[in-house]
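Asks: If you scroll down you'll find the structure; I have some questions about it.
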Amino acid sequence: MIINLTDINGNLVADHLWINYTKQFQSLGILATGDEVQFNARVSSYLKGYQGNDSTIRKKHPIQYDYKLEYPSKVRLLTKKKPQSVPETNWELLQYILEENKDFYLKRAKNSQ
């Protein structure tokens, strides 16, 4: 997860963004709070929210458009640091991501109840 995402002029465009650990991001090693990265990406929209027939759930999670970044390229680390390698297998990488973002997932689970 990347937080405080800004455009090239320094304008805040999102408070957080989930992005895939592509090979280019993996090559940066494990990122830590305070690390700054720069990359190019395409903006795309998607529908989020409950799309079923239960009106009670739909009121809690209405359908709406949101935006995401896709196809990151020219990824580079702007801060200097000693790189710590990213887990190599998909299972190890998933466990690392879940552990690093545990607070986010717990808060999200609590809010969805």
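Labeling convention for the structure tokens: chains A, B, ... as they appear, residues from 1 per chain, ligands from 1 in order of appearance.
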Give me the residues within 8 Å of Gln26 of chain A as a PyMOL selection string, counting only C-alpha atoms and dropping any in the same chain fewer than 5 places off.
Replies: chain A and resi 21+85-86
Asks: Those residues you just picked out, can you put them in a file as a PDB file, in the first residue's frame with N, CA, C and O atoms?
Replies:
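Ended up saving to selection_22.pdb:
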ATOM      1  N   TYR A  21       2.633  -5.935  -6.482  1.00  0.00           N
ATOM      2  CA  TYR A  21       4.083  -6.059  -6.357  1.00  0.00           C
ATOM      3  C   TYR A  21       4.640  -6.584  -7.677  1.00  0.00           C
ATOM      4  O   TYR A  21       4.971  -7.748  -7.815  1.00  0.00           O
ATOM      5  N   SER A  85      15.627  -7.684   0.551  1.00  0.00           N
ATOM      6  CA  SER A  85      14.940  -8.382  -0.530  1.00  0.00           C
ATOM      7  C   SER A  85      13.511  -8.759  -0.162  1.00  0.00           C
ATOM      8  O   SER A  85      13.178  -8.992   0.988  1.00  0.00           O
ATOM      9  N   VAL A  86      12.678  -8.817  -1.193  1.00  0.00           N
ATOM     10  CA  VAL A  86      11.277  -9.187  -1.072  1.00  0.00           C
ATOM     11  C   VAL A  86      11.195 -10.718  -1.078  1.00  0.00           C
ATOM     12  O   VAL A  86      11.963 -11.371  -1.781  1.00  0.00           O
TER      13      VAL A  86
END
Asks: Just list as a PyMOL selection string whatever in chain A DSSP marks as strand (DSSP E or B).
Replies: chain A and resi 2-6+12-17+37-48+64-77
Asks: Give the helix (DSSP H, G or I) residues of chain A, as assigned by DSSP on the backbone, as a ChimeraX atom specification.
Replies: /A:23-26,55-60,90-100,102-111
Asks: Could the residues in this selection be saved with N, CA, C and O atoms as a short mmCIF file (atom, residue, chain, number, x, y, z; two decimals), in the first residue's frame?
Replies:
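Saved to again-v4.cif:
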data_model
loop_
_atom_site.label_atom_id
_atom_site.label_comp_id
_atom_site.auth_asym_id
_atom_site.auth_seq_id
_atom_site.Cartn_x
_atom_site.Cartn_y
_atom_site.Cartn_z
N LYS A 23 7.37 -6.90 -10.83
CA LYS A 23 8.82 -7.15 -10.78
C LYS A 23 9.61 -5.87 -10.53
O LYS A 23 10.61 -5.87 -9.83
N GLN A 24 9.13 -4.76 -11.09
CA GLN A 24 9.84 -3.49 -10.89
C GLN A 24 9.76 -3.05 -9.42
O GLN A 24 10.75 -2.58 -8.88
N PHE A 25 8.59 -3.21 -8.79
CA PHE A 25 8.49 -2.87 -7.37
C PHE A 25 9.30 -3.85 -6.53
O PHE A 25 9.95 -3.46 -5.57
N GLN A 26 9.28 -5.13 -6.88
CA GLN A 26 10.06 -6.12 -6.15
C GLN A 26 11.55 -5.81 -6.21
O GLN A 26 12.28 -6.03 -5.25
N SER A 55 -31.17 -5.07 -0.31
CA SER A 55 -31.17 -3.60 -0.21
C SER A 55 -30.51 -3.11 1.07
O SER A 55 -29.94 -2.00 1.09
N THR A 56 -30.55 -3.89 2.13
CA THR A 56 -29.90 -3.49 3.39
C THR A 56 -28.40 -3.41 3.21
O THR A 56 -27.76 -2.44 3.63
N ILE A 57 -27.84 -4.41 2.59
CA ILE A 57 -26.39 -4.43 2.34
C ILE A 57 -26.04 -3.34 1.33
O ILE A 57 -25.03 -2.65 1.47
N ARG A 58 -26.88 -3.15 0.33
CA ARG A 58 -26.60 -2.13 -0.70
C ARG A 58 -26.55 -0.73 -0.09
O ARG A 58 -25.76 0.11 -0.51
N LYS A 59 -27.40 -0.47 0.92
CA LYS A 59 -27.36 0.84 1.59
C LYS A 59 -26.04 1.05 2.31
O LYS A 59 -25.51 2.16 2.35
N LYS A 60 -25.49 -0.02 2.89
CA LYS A 60 -24.21 0.08 3.60
C LYS A 60 -23.04 0.21 2.63
O LYS A 60 -22.04 0.85 2.94
N ASN A 90 5.27 -16.81 -4.08
CA ASN A 90 3.99 -16.10 -3.95
C ASN A 90 3.42 -16.24 -2.55
O ASN A 90 2.87 -15.28 -2.00
N TRP A 91 3.52 -17.43 -1.95
CA TRP A 91 2.99 -17.66 -0.61
C TRP A 91 3.71 -16.78 0.41
O TRP A 91 3.07 -16.12 1.24
N GLU A 92 5.03 -16.75 0.37
CA GLU A 92 5.81 -15.92 1.30
C GLU A 92 5.49 -14.44 1.10
O GLU A 92 5.37 -13.69 2.07
N LEU A 93 5.33 -14.01 -0.15
CA LEU A 93 5.01 -12.62 -0.44
C LEU A 93 3.64 -12.26 0.10
O LEU A 93 3.46 -11.21 0.73
N LEU A 94 2.65 -13.14 -0.10
CA LEU A 94 1.31 -12.88 0.42
C LEU A 94 1.32 -12.79 1.94
O LEU A 94 0.71 -11.89 2.52
N GLN A 95 2.02 -13.68 2.61
CA GLN A 95 2.10 -13.65 4.07
C GLN A 95 2.76 -12.36 4.55
O GLN A 95 2.33 -11.75 5.53
N TYR A 96 3.79 -11.94 3.86
CA TYR A 96 4.47 -10.68 4.20
C TYR A 96 3.51 -9.50 4.06
O TYR A 96 3.41 -8.66 4.95
N ILE A 97 2.78 -9.44 2.95
CA ILE A 97 1.85 -8.34 2.71
C ILE A 97 0.75 -8.32 3.78
O ILE A 97 0.42 -7.26 4.33
N LEU A 98 0.19 -9.48 4.09
CA LEU A 98 -0.86 -9.55 5.12
C LEU A 98 -0.33 -9.10 6.47
O LEU A 98 -1.00 -8.35 7.19
N GLU A 99 0.85 -9.52 6.84
CA GLU A 99 1.42 -9.15 8.14
C GLU A 99 1.74 -7.67 8.20
O GLU A 99 1.45 -7.00 9.19
N GLU A 100 2.32 -7.13 7.14
CA GLU A 100 2.68 -5.71 7.12
C GLU A 100 1.46 -4.79 7.17
O GLU A 100 1.56 -3.66 7.62
N LYS A 102 -1.59 -5.69 8.56
CA LYS A 102 -2.54 -6.32 9.48
C LYS A 102 -3.53 -5.31 10.05
O LYS A 102 -4.74 -5.56 10.09
N ASP A 103 -3.07 -4.16 10.50
CA ASP A 103 -3.96 -3.15 11.09
C ASP A 103 -5.04 -2.71 10.10
O ASP A 103 -6.19 -2.54 10.46
N PHE A 104 -4.64 -2.51 8.85
CA PHE A 104 -5.60 -2.11 7.82
C PHE A 104 -6.68 -3.17 7.65
O PHE A 104 -7.87 -2.86 7.63
N TYR A 105 -6.27 -4.44 7.53
CA TYR A 105 -7.23 -5.51 7.32
C TYR A 105 -8.14 -5.70 8.52
O TYR A 105 -9.33 -5.94 8.37
N LEU A 106 -7.62 -5.56 9.74
CA LEU A 106 -8.45 -5.69 10.95
C LEU A 106 -9.48 -4.56 11.02
O LEU A 106 -10.64 -4.78 11.33
N LYS A 107 -9.05 -3.34 10.71
CA LYS A 107 -9.96 -2.19 10.73
C LYS A 107 -11.04 -2.36 9.68
O LYS A 107 -12.22 -2.10 9.91
N ARG A 108 -10.65 -2.81 8.50
CA ARG A 108 -11.60 -3.02 7.41
C ARG A 108 -12.63 -4.09 7.78
O ARG A 108 -13.81 -3.93 7.53
N ALA A 109 -12.17 -5.18 8.40
CA ALA A 109 -13.08 -6.24 8.81
C ALA A 109 -14.06 -5.75 9.86
O ALA A 109 -15.25 -6.06 9.82
N LYS A 110 -13.56 -4.93 10.80
CA LYS A 110 -14.43 -4.38 11.85
C LYS A 110 -15.48 -3.46 11.26
O LYS A 110 -16.64 -3.48 11.65
N ASN A 111 -15.10 -2.63 10.29
CA ASN A 111 -16.01 -1.67 9.68
C ASN A 111 -17.07 -2.34 8.79
O ASN A 111 -18.11 -1.76 8.55
#
Asks: Taking only C-alpha atoms into account, which of A:Ser112, A:Thr33, A:Thr22, A:Arg42 comes nearest Lys81 of chain A?
Replies: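 That would be A:Thr33, the residue with the smallest distance to Lys81 of chain A.
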Asks: For atom CA of Lys48 of chain A and atom CA of Pro62 of chain A, determine how far apart the two atoms are, in Å to one decimal place.
Replies: 7.9 Å
Asks: Could you pull the residues within 12 Å of Lys80 of chain A, counting only C-alpha atoms, minus those fewer than 5 positions along the same chain, as a ChimeraX atom specification?
Replies: /A:28-29,31-32,34-37
Asks: Between atom CA of Asn20 of chain A and atom CA of Tyr50 of chain A, what distance in Å does the model show, to one decimal?
Replies: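 Taking atom CA of Asn20 of chain A as the start and atom CA of Tyr50 of chain A as the end point, the length is 23.3 Å.
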Asks: Go ahead and compute the interatomic distance for atom CA of Asn9 of chain A and atom CA of Tyr46 of chain A, in Å to one decimal.
Replies: 25.3 Å
Asks: Restricting the calculation to only C-alpha atoms, which member of A:Asn101, A:Ser73, A:Thr79, A:Thr89 is positioned closest to Phe39 of chain A?
Replies: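 Going through A:Asn101, A:Ser73, A:Thr79, A:Thr89 one by one, the smallest distance to Phe39 of chain A is for A:Ser73.
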Asks: Do a neighbour search on segment 64-67 of chain A at 8 Å with only C-alpha atoms, toss out local chain neighbours closer than 6 positions, and write the hits as a PyMOL selection string.
Replies: chain A and resi 43-49
Asks: Would you mind exporting the chosen residues as an mmCIF file, in the first residue's frame, restricted to all heavy atoms?
Replies:
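Output (selection_16.cif):
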data_model
loop_
_atom_site.group_PDB
_atom_site.id
_atom_site.type_symbol
_atom_site.label_atom_id
_atom_site.label_comp_id
_atom_site.auth_asym_id
_atom_site.auth_seq_id
_atom_site.Cartn_x
_atom_site.Cartn_y
_atom_site.Cartn_z
ATOM 1 N N VAL A 43 -4.464 5.583 -15.409
ATOM 2 C CA VAL A 43 -5.621 5.708 -14.528
ATOM 3 C C VAL A 43 -6.787 4.967 -15.176
ATOM 4 O O VAL A 43 -7.041 5.112 -16.367
ATOM 5 C CB VAL A 43 -6.002 7.186 -14.305
ATOM 6 C CG1 VAL A 43 -7.259 7.296 -13.445
ATOM 7 C CG2 VAL A 43 -4.846 7.953 -13.679
ATOM 8 N N SER A 44 -7.495 4.184 -14.360
ATOM 9 C CA SER A 44 -8.645 3.435 -14.841
ATOM 10 C C SER A 44 -9.744 3.499 -13.788
ATOM 11 O O SER A 44 -9.465 3.618 -12.601
ATOM 12 C CB SER A 44 -8.231 1.982 -15.086
ATOM 13 O OG SER A 44 -9.330 1.210 -15.481
ATOM 14 N N SER A 45 -10.994 3.430 -14.205
ATOM 15 C CA SER A 45 -12.109 3.443 -13.252
ATOM 16 C C SER A 45 -12.666 2.030 -13.106
ATOM 17 O O SER A 45 -12.487 1.175 -13.976
ATOM 18 C CB SER A 45 -13.202 4.400 -13.720
ATOM 19 O OG SER A 45 -13.757 3.955 -14.938
ATOM 20 N N TYR A 46 -13.327 1.801 -11.980
ATOM 21 C CA TYR A 46 -13.998 0.527 -11.739
ATOM 22 C C TYR A 46 -15.181 0.761 -10.809
ATOM 23 O O TYR A 46 -15.258 1.774 -10.132
ATOM 24 C CB TYR A 46 -13.030 -0.504 -11.147
ATOM 25 C CG TYR A 46 -12.543 -0.183 -9.753
ATOM 26 C CD1 TYR A 46 -13.160 -0.736 -8.636
ATOM 27 C CD2 TYR A 46 -11.454 0.667 -9.549
ATOM 28 C CE1 TYR A 46 -12.705 -0.446 -7.351
ATOM 29 C CE2 TYR A 46 -10.999 0.959 -8.275
ATOM 30 C CZ TYR A 46 -11.628 0.394 -7.185
ATOM 31 O OH TYR A 46 -11.181 0.681 -5.918
ATOM 32 N N LEU A 47 -16.141 -0.185 -10.812
ATOM 33 C CA LEU A 47 -17.283 -0.113 -9.917
ATOM 34 C C LEU A 47 -16.949 -0.831 -8.624
ATOM 35 O O LEU A 47 -16.398 -1.929 -8.638
ATOM 36 C CB LEU A 47 -18.505 -0.787 -10.548
ATOM 37 C CG LEU A 47 -19.270 0.015 -11.576
ATOM 38 C CD1 LEU A 47 -20.398 -0.818 -12.169
ATOM 39 C CD2 LEU A 47 -19.835 1.284 -10.972
ATOM 40 N N LYS A 48 -17.307 -0.205 -7.506
ATOM 41 C CA LYS A 48 -17.118 -0.869 -6.225
ATOM 42 C C LYS A 48 -18.432 -0.785 -5.460
ATOM 43 O O LYS A 48 -19.294 0.042 -5.765
ATOM 44 C CB LYS A 48 -15.974 -0.254 -5.430
ATOM 45 C CG LYS A 48 -16.233 1.115 -4.856
ATOM 46 C CD LYS A 48 -15.054 1.558 -4.017
ATOM 47 C CE LYS A 48 -15.376 2.830 -3.251
ATOM 48 N NZ LYS A 48 -14.284 3.223 -2.378
ATOM 49 N N GLY A 49 -18.576 -1.629 -4.476
ATOM 50 C CA GLY A 49 -19.795 -1.671 -3.688
ATOM 51 C C GLY A 49 -20.537 -2.973 -3.900
ATOM 52 O O GLY A 49 -20.186 -3.797 -4.741
#
